[in-house]
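Source file my_file_10.txt; content: compact mmCIF, C-alpha atoms.
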```
# COMPACT_ATOMS: atom_id res chain seq x y z
CA MET A 48 15.93 175.42 -38.14
CA SER A 49 13.72 173.88 -35.45
CA LYS A 50 14.10 175.35 -31.99
CA ASN A 51 13.90 171.85 -30.60
CA LEU A 52 16.95 170.66 -32.55
CA ASP A 53 19.73 169.51 -30.24
CA ARG A 54 22.84 171.15 -31.67
CA GLU A 55 25.12 169.07 -29.45
CA PHE A 56 23.70 165.72 -30.57
CA VAL A 57 25.99 163.80 -32.95
CA ASN A 58 23.53 161.92 -35.11
CA SER A 59 26.13 159.86 -36.98
CA LEU A 60 27.65 158.62 -33.71
CA ALA A 61 24.21 157.68 -32.40
CA LYS A 62 23.50 155.69 -35.55
CA GLY A 63 26.79 153.83 -35.23
CA LEU A 64 26.16 152.92 -31.60
CA LYS A 65 22.63 151.80 -32.42
CA LEU A 66 24.06 149.57 -35.13
CA LEU A 67 26.50 147.97 -32.68
CA MET A 68 23.68 147.31 -30.21
CA CYS A 69 21.81 145.24 -32.79
CA PHE A 70 24.15 142.35 -32.06
CA LYS A 71 22.62 140.17 -29.35
CA GLU A 72 22.74 136.61 -28.04
CA ASN A 73 20.00 135.51 -30.43
CA GLN A 74 21.27 137.59 -33.38
CA ARG A 75 25.04 137.29 -33.54
CA VAL A 76 25.44 137.49 -37.32
CA TRP A 77 24.04 140.13 -39.69
CA SER A 78 24.15 140.66 -43.42
CA LEU A 79 24.49 144.13 -44.89
CA THR A 80 20.89 144.10 -46.08
CA GLU A 81 19.55 142.97 -42.71
CA MET A 82 21.53 145.61 -40.87
CA ALA A 83 20.40 148.38 -43.21
CA ARG A 84 16.76 147.35 -42.85
CA ALA A 85 16.92 147.07 -39.06
CA ASN A 86 18.43 150.56 -38.74
CA ASP A 87 16.40 152.33 -41.47
CA MET A 88 19.58 153.02 -43.47
CA ASN A 89 20.22 152.81 -47.17
CA LEU A 90 22.75 150.20 -48.26
CA PRO A 91 25.67 152.59 -48.98
CA THR A 92 25.36 154.19 -45.52
CA ALA A 93 25.14 150.86 -43.72
CA ARG A 94 28.11 149.58 -45.73
CA ARG A 95 30.26 152.52 -44.60
CA TYR A 96 29.41 151.95 -40.95
CA LEU A 97 30.15 148.23 -41.15
CA HIS A 98 33.35 148.87 -43.06
CA THR A 99 34.50 151.37 -40.42
CA PHE A 100 33.80 148.99 -37.52
CA THR A 101 35.58 146.20 -39.39
CA LYS A 102 38.64 148.38 -40.01
CA MET A 103 38.70 149.33 -36.32
CA GLY A 104 38.62 145.66 -35.32
CA PHE A 105 35.19 145.67 -33.66
CA MET A 106 33.69 143.43 -36.36
CA ILE A 107 34.82 140.75 -38.73
CA LYS A 108 33.37 140.04 -42.16
CA ASP A 109 32.90 136.55 -43.51
CA GLU A 110 33.77 136.93 -47.17
CA THR A 111 32.00 133.68 -48.06
CA THR A 112 28.61 134.46 -46.53
CA LYS A 113 29.02 138.26 -46.68
CA THR A 114 27.93 138.54 -43.05
CA PHE A 115 29.31 140.45 -40.07
CA GLN A 116 29.80 139.57 -36.42
CA LEU A 117 31.42 141.24 -33.43
CA THR A 118 34.94 140.52 -32.21
CA PRO A 119 36.14 140.33 -28.59
CA LYS A 120 37.44 143.89 -28.95
CA VAL A 121 33.94 145.20 -28.17
CA LEU A 122 34.46 144.00 -24.59
CA ARG A 123 36.82 146.92 -24.13
CA LEU A 124 33.81 149.24 -24.42
CA GLY A 125 32.03 147.97 -21.36
CA ALA A 126 33.69 145.16 -19.44
CA TRP A 127 35.50 147.59 -17.13
CA VAL A 128 32.19 149.24 -16.24
CA ILE A 129 30.69 145.96 -15.07
CA ASN A 130 33.86 144.99 -13.23
CA SER A 131 33.98 148.33 -11.44
CA MET A 132 30.40 148.31 -10.23
CA GLY A 133 30.34 148.45 -6.45
CA ILE A 134 27.13 146.47 -6.25
CA LYS A 135 28.92 143.30 -7.33
CA GLN A 136 31.54 143.60 -4.62
CA ARG A 137 28.84 144.42 -2.09
CA LEU A 138 26.91 141.25 -2.86
CA LEU A 139 29.81 138.87 -3.47
CA PRO A 140 30.18 137.73 0.19
CA TYR A 141 26.47 136.84 0.35
CA MET A 142 26.66 135.04 -2.99
CA LYS A 143 29.57 132.91 -1.84
CA ALA A 144 28.03 132.13 1.55
CA ILE A 145 24.66 130.98 0.18
CA ARG A 146 26.34 129.03 -2.61
CA ASN A 147 28.57 127.21 -0.13
CA ASP A 148 25.89 126.63 2.51
CA LEU A 149 23.00 125.50 0.29
CA ASP A 150 24.70 124.50 -2.98
CA VAL A 151 22.52 126.72 -5.19
CA THR A 152 23.65 128.95 -8.03
CA THR A 153 23.76 132.57 -6.91
CA HIS A 154 23.75 135.62 -9.15
CA CYS A 155 23.31 139.37 -9.20
CA SER A 156 22.06 141.44 -12.12
CA ILE A 157 21.03 144.87 -13.28
CA LEU A 158 18.37 146.07 -15.69
CA GLU A 159 19.48 147.35 -19.10
CA GLY A 160 16.62 148.32 -21.37
CA ASN A 161 14.24 145.36 -21.45
CA GLU A 162 16.87 142.79 -20.52
CA ILE A 163 18.69 141.62 -17.43
CA VAL A 164 22.48 141.86 -17.51
CA ALA A 165 24.46 139.48 -15.30
CA LEU A 166 27.09 141.13 -13.10
CA LYS A 167 28.27 137.97 -11.35
CA ARG A 168 27.29 134.33 -11.14
CA ILE A 169 28.58 131.53 -8.91
CA ARG A 170 27.52 128.07 -10.07
CA SER A 171 26.29 125.26 -7.89
CA SER A 172 27.29 121.64 -8.37
CA ASN A 173 23.89 120.73 -9.83
CA VAL A 174 23.62 119.57 -13.42
CA ILE A 175 20.93 122.09 -14.44
CA ASN A 176 22.80 125.35 -14.91
CA LEU A 177 22.53 128.04 -17.56
CA ASP A 178 25.83 128.83 -19.24
CA LEU A 179 25.97 132.50 -18.32
CA GLY A 180 28.84 134.83 -17.58
CA THR A 181 29.43 138.46 -16.77
CA GLY A 182 27.58 140.60 -19.28
CA SER A 183 25.18 137.85 -20.38
CA ARG A 184 21.66 139.04 -21.09
CA LEU A 185 18.32 137.42 -20.35
CA PRO A 186 14.73 138.44 -21.15
CA LEU A 187 13.18 140.45 -18.35
CA HIS A 188 9.74 138.83 -18.33
CA ALA A 189 11.00 135.26 -17.85
CA THR A 190 13.45 135.86 -14.99
CA ALA A 191 13.01 136.33 -11.26
CA MET A 192 15.98 138.70 -11.44
CA GLY A 193 14.04 140.96 -13.77
CA LYS A 194 10.78 140.75 -11.88
CA ALA A 195 12.54 141.59 -8.61
CA ILE A 196 13.79 144.87 -10.06
CA VAL A 197 10.70 146.02 -11.96
CA ALA A 198 8.27 145.06 -9.19
CA PHE A 199 9.80 147.65 -6.90
CA MET A 200 9.83 150.47 -9.42
CA ASP A 201 7.25 153.23 -9.68
CA ILE A 202 3.96 151.86 -11.01
CA LYS A 203 4.04 154.13 -14.07
CA GLU A 204 7.54 152.92 -14.92
CA GLN A 205 6.39 149.30 -14.50
CA LYS A 206 3.59 149.77 -17.00
CA LYS A 207 5.89 151.55 -19.42
CA ILE A 208 8.39 148.70 -19.35
CA ALA A 209 5.66 146.04 -19.59
CA GLY A 210 4.27 147.81 -22.64
CA GLN A 211 7.62 147.46 -24.41
CA LEU A 212 8.09 143.71 -23.87
CA ASP A 213 7.39 141.17 -26.60
CA PHE A 214 6.72 138.37 -24.07
CA GLN A 215 8.39 135.65 -26.09
CA GLN A 216 7.33 132.20 -24.90
CA LEU A 217 10.48 130.34 -23.90
CA THR A 218 8.77 127.42 -22.15
CA PRO A 219 5.13 126.42 -21.60
CA MET A 220 5.32 128.21 -18.21
CA THR A 221 6.52 131.58 -19.53
CA ILE A 222 4.24 134.55 -18.89
CA THR A 223 3.15 135.80 -22.32
CA GLU A 224 0.60 138.53 -21.52
CA LYS A 225 1.11 142.04 -20.19
CA ASP A 226 -1.73 141.91 -17.64
CA SER A 227 -0.50 138.60 -16.22
CA PHE A 228 2.99 140.03 -15.95
CA LEU A 229 1.77 143.11 -14.08
CA THR A 230 -0.22 140.89 -11.72
CA GLU A 231 2.92 138.86 -11.05
CA LEU A 232 4.83 142.06 -10.29
CA GLN A 233 2.18 143.02 -7.73
CA LYS A 234 2.48 139.61 -6.04
CA THR A 235 6.25 139.96 -6.04
CA ARG A 236 6.06 143.33 -4.33
CA GLU A 237 3.64 142.05 -1.70
CA ARG A 238 5.71 139.03 -0.70
CA GLY A 239 9.07 140.80 -1.05
CA TYR A 240 10.73 138.44 -3.53
CA ALA A 241 10.24 137.18 -7.08
CA VAL A 242 9.84 133.60 -8.30
CA THR A 243 10.11 131.94 -11.69
CA ASP A 244 9.07 128.31 -11.95
CA GLN A 245 10.51 126.89 -15.20
CA GLU A 246 9.64 130.07 -17.11
CA LEU A 247 13.11 130.34 -18.59
CA THR A 248 14.37 126.76 -18.42
CA ILE A 249 12.44 123.56 -17.87
CA GLY A 250 13.42 121.94 -14.57
CA LEU A 251 14.83 125.14 -13.06
CA LYS A 252 13.38 127.46 -10.40
CA THR A 253 14.71 130.85 -9.38
CA MET A 254 14.03 133.25 -6.54
CA ALA A 255 15.30 136.82 -6.40
CA ILE A 256 15.13 139.93 -4.25
CA PRO A 257 15.56 143.63 -5.05
CA ILE A 258 18.69 145.45 -3.95
CA PHE A 259 18.23 149.13 -3.10
CA ASN A 260 20.67 152.04 -3.07
CA THR A 261 21.03 154.52 -0.20
CA LYS A 262 18.08 156.53 -1.53
CA GLY A 263 15.76 153.54 -1.44
CA ILE A 264 15.71 153.11 -5.22
CA VAL A 265 16.04 149.60 -6.62
CA GLU A 266 19.34 149.26 -8.48
CA ALA A 267 19.91 145.53 -8.90
CA SER A 268 18.69 142.07 -7.95
CA PHE A 269 20.16 139.11 -6.12
CA GLY A 270 18.93 135.60 -6.85
CA VAL A 271 19.33 131.87 -6.43
CA SER A 272 18.62 129.10 -8.95
CA TYR A 273 18.13 125.39 -8.28
CA PRO A 274 16.64 122.26 -9.89
CA LEU A 275 12.91 121.73 -9.49
CA SER A 276 13.61 118.43 -7.76
CA ARG A 277 15.19 120.25 -4.80
CA ALA A 278 12.08 122.36 -4.31
CA GLN A 279 10.27 119.21 -3.17
CA LYS A 280 12.54 118.83 -0.16
CA GLN A 281 10.75 119.97 3.00
CA GLY A 282 11.98 123.28 4.33
CA PHE A 283 14.44 123.89 1.49
CA GLU A 284 12.67 126.85 -0.12
CA ASN A 285 11.82 128.36 3.25
CA SER A 286 15.53 128.34 4.07
CA LEU A 287 16.27 130.08 0.78
CA ILE A 288 13.62 132.75 1.40
CA ASP A 289 15.03 133.44 4.87
CA ARG A 290 18.52 133.88 3.45
CA LEU A 291 17.33 136.11 0.64
CA ILE A 292 15.34 138.36 2.96
CA ASP A 293 18.39 138.60 5.19
CA VAL A 294 20.48 139.77 2.22
CA ARG A 295 17.82 142.30 1.26
CA ASN A 296 17.88 143.77 4.75
CA LYS A 297 21.66 143.91 5.06
CA ALA A 298 23.13 144.52 1.59
```

As structure tokens, the full file:
Amino acid sequence: MSKNLDREFVNSLAKGLKLLMCFKENQRVWSLTEMARANDMNLPTARRYLHTFTKMGFMIKDETTKTFQLTPKVLRLGAWVINSMGIKQRLLPYMKAIRNDLDVTTHCSILEGNEIVALKRIRSSNVINLDLGTGSRLPLHATAMGKAIVAFMDIKEQKKIAGQLDFQQLTPMTITEKDSFLTELQKTRERGYAVTDQELTIGLKTMAIPIFNTKGIVEASFGVSYPLSRAQKQGFENSLIDRLIDVRNKA
């Protein structure tokens, strides 16, 4: 037996969790064959996993299409973690204040893998608003929230993360190359805040700042989103930057 074998590692549990994590916003429904292929499993093994999750109530099977999708029961696995995170409570007063004073959507997020996970979002009264809630995920490369976190990481970690991104083009403005993304991270670090100009949604701009823990390590991001039309108003974005920098210094 290999000396490097981890005797405490439960391989079957790891496979089951990996299977659950295949379900995402853009891939909500899976067939048995698709799931087996995505997880390098044979069909009988994948069938047993899916059957087990279905029996436990975490999935439901459509007998007509022979496909599987998650049920709300999966929220019990992680919703309490997000709700208990101190960072959300720490930032909530600033989110409410900026939302009320400037009528922009405010949000705070954390990094999970190569995606941004929303902890809290307070909508503005503007028409252009993404329909996001707690736990929603967004691609790292196309969000100011993501850039604000990665830009203030160690350079080696930045390059590692950038090397794992697929840089899907979501709009004509989306950054789609690794080198361009790294250059944008450098600019973000120099000015102290991140910007996305219609990279995720046409007509929408976002600014975000990093939020650090007591050890000076970036742990989250705080951002504001607003229609492109408002960016044309003199002094508007300067006011936003001042408020964001104030949050960064105090939160």

Residue among A:Leu117, A:Ile222, A:Leu247, A:Val164 lying closest to Gly104 (chain A), counting only C-alpha atoms: A:Leu117

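Of the listed residues (A:Ile107, A:Leu217, A:Thr92, A:Leu60), A:Ile107 comes nearest to Arg75 (chain A); the distances count only C-alpha atoms.
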
Non-local contacts of Ser286 (chain A) (10 Å; all atoms listed in the file; under 5 positions in same chain excluded) as a short mmCIF file (atom, residue, chain, number, x, y, z; two decimals) with C-alpha atoms, in the frame of the given file:
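And here is the file that came out, selection-v4.cif:
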```
data_model
loop_
_atom_site.label_atom_id
_atom_site.label_comp_id
_atom_site.auth_asym_id
_atom_site.auth_seq_id
_atom_site.Cartn_x
_atom_site.Cartn_y
_atom_site.Cartn_z
CA LEU A 149 23.00 125.50 0.29
CA GLN A 281 10.75 119.97 3.00
CA LEU A 291 17.33 136.11 0.64
#
```

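Between CA of Gln215 (chain A) and CA of Met142 (chain A) lies a distance of 29.5 Å.
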
Emit as AutoDock Vina command-line options the padded axis-aligned box for all listed atoms of region 111-117 of chain A, 5 Å per side, with centre and edge lengths in Å to one decimal.
```
--center_x 30.0 --center_y 137.5 --center_z -40.7 --size_x 14.1 --size_y 17.6 --size_z 24.6
```

Could you tell me which of A:Val197, A:Val265, A:Leu232, A:Leu275 comes closest to Gly250 (chain A) if we count all atoms listed in the file? A:Leu275

Hey, what's within 12 Å of Thr99 (chain A) if we count all atoms listed in the file and toss same-chain stuff fewer than 5 positions away? As a list in words, please? Gly63, Leu66, Leu67, Thr92, Ala93, Arg94, Gly104, Phe105, Met106, Ile107 and Lys108 of chain A

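Considering all atoms listed in the file, the residue among A:Ala144, A:Leu124, A:Ile202, A:Ala241 positioned nearest to Ser171 (chain A) is A:Ala144.
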
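Minimum atom-to-atom distance to Glu231 (chain A), evaluated using only C-alpha atoms, belongs to A:Gln205 out of A:Ser272, A:Thr114, A:Ser183, A:Gln205.
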
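With only C-alpha atoms as the atoms that count, the minimum distance from Arg146 (chain A) to the choices A:Val271, A:Ile292, A:Met192, A:Leu166 is reached by A:Val271.
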
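The gap separating CA of Ile163 (chain A) from CA of Arg295 (chain A) is 18.7 Å, in Å to one decimal.
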
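Taking CA of Ser268 (chain A) and CA of Lys65 (chain A) as the two end points, the separation is 26.6 Å.
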
Write out as a list of chain:residue names each polymer residue whose atoms come within 12 Å of Lys207 (chain A), counting all atoms listed in the file; drop sequence neighbours fewer than 5 positions from it. A:Gly160, A:Asn161, A:Val197, A:Met200, A:Asp201, A:Ile202, A:Leu212, A:Lys225, A:Leu229

Taking (21.8, 145.5, -14.8) in the file's own coordinates, collect the residues within 12 Å, counting all atoms listed in the file, and hand them back as a PyMOL selection string. chain A and resi 128-129+132+134-135+154-167+181-187+192-193+195-197+257-258+265-269
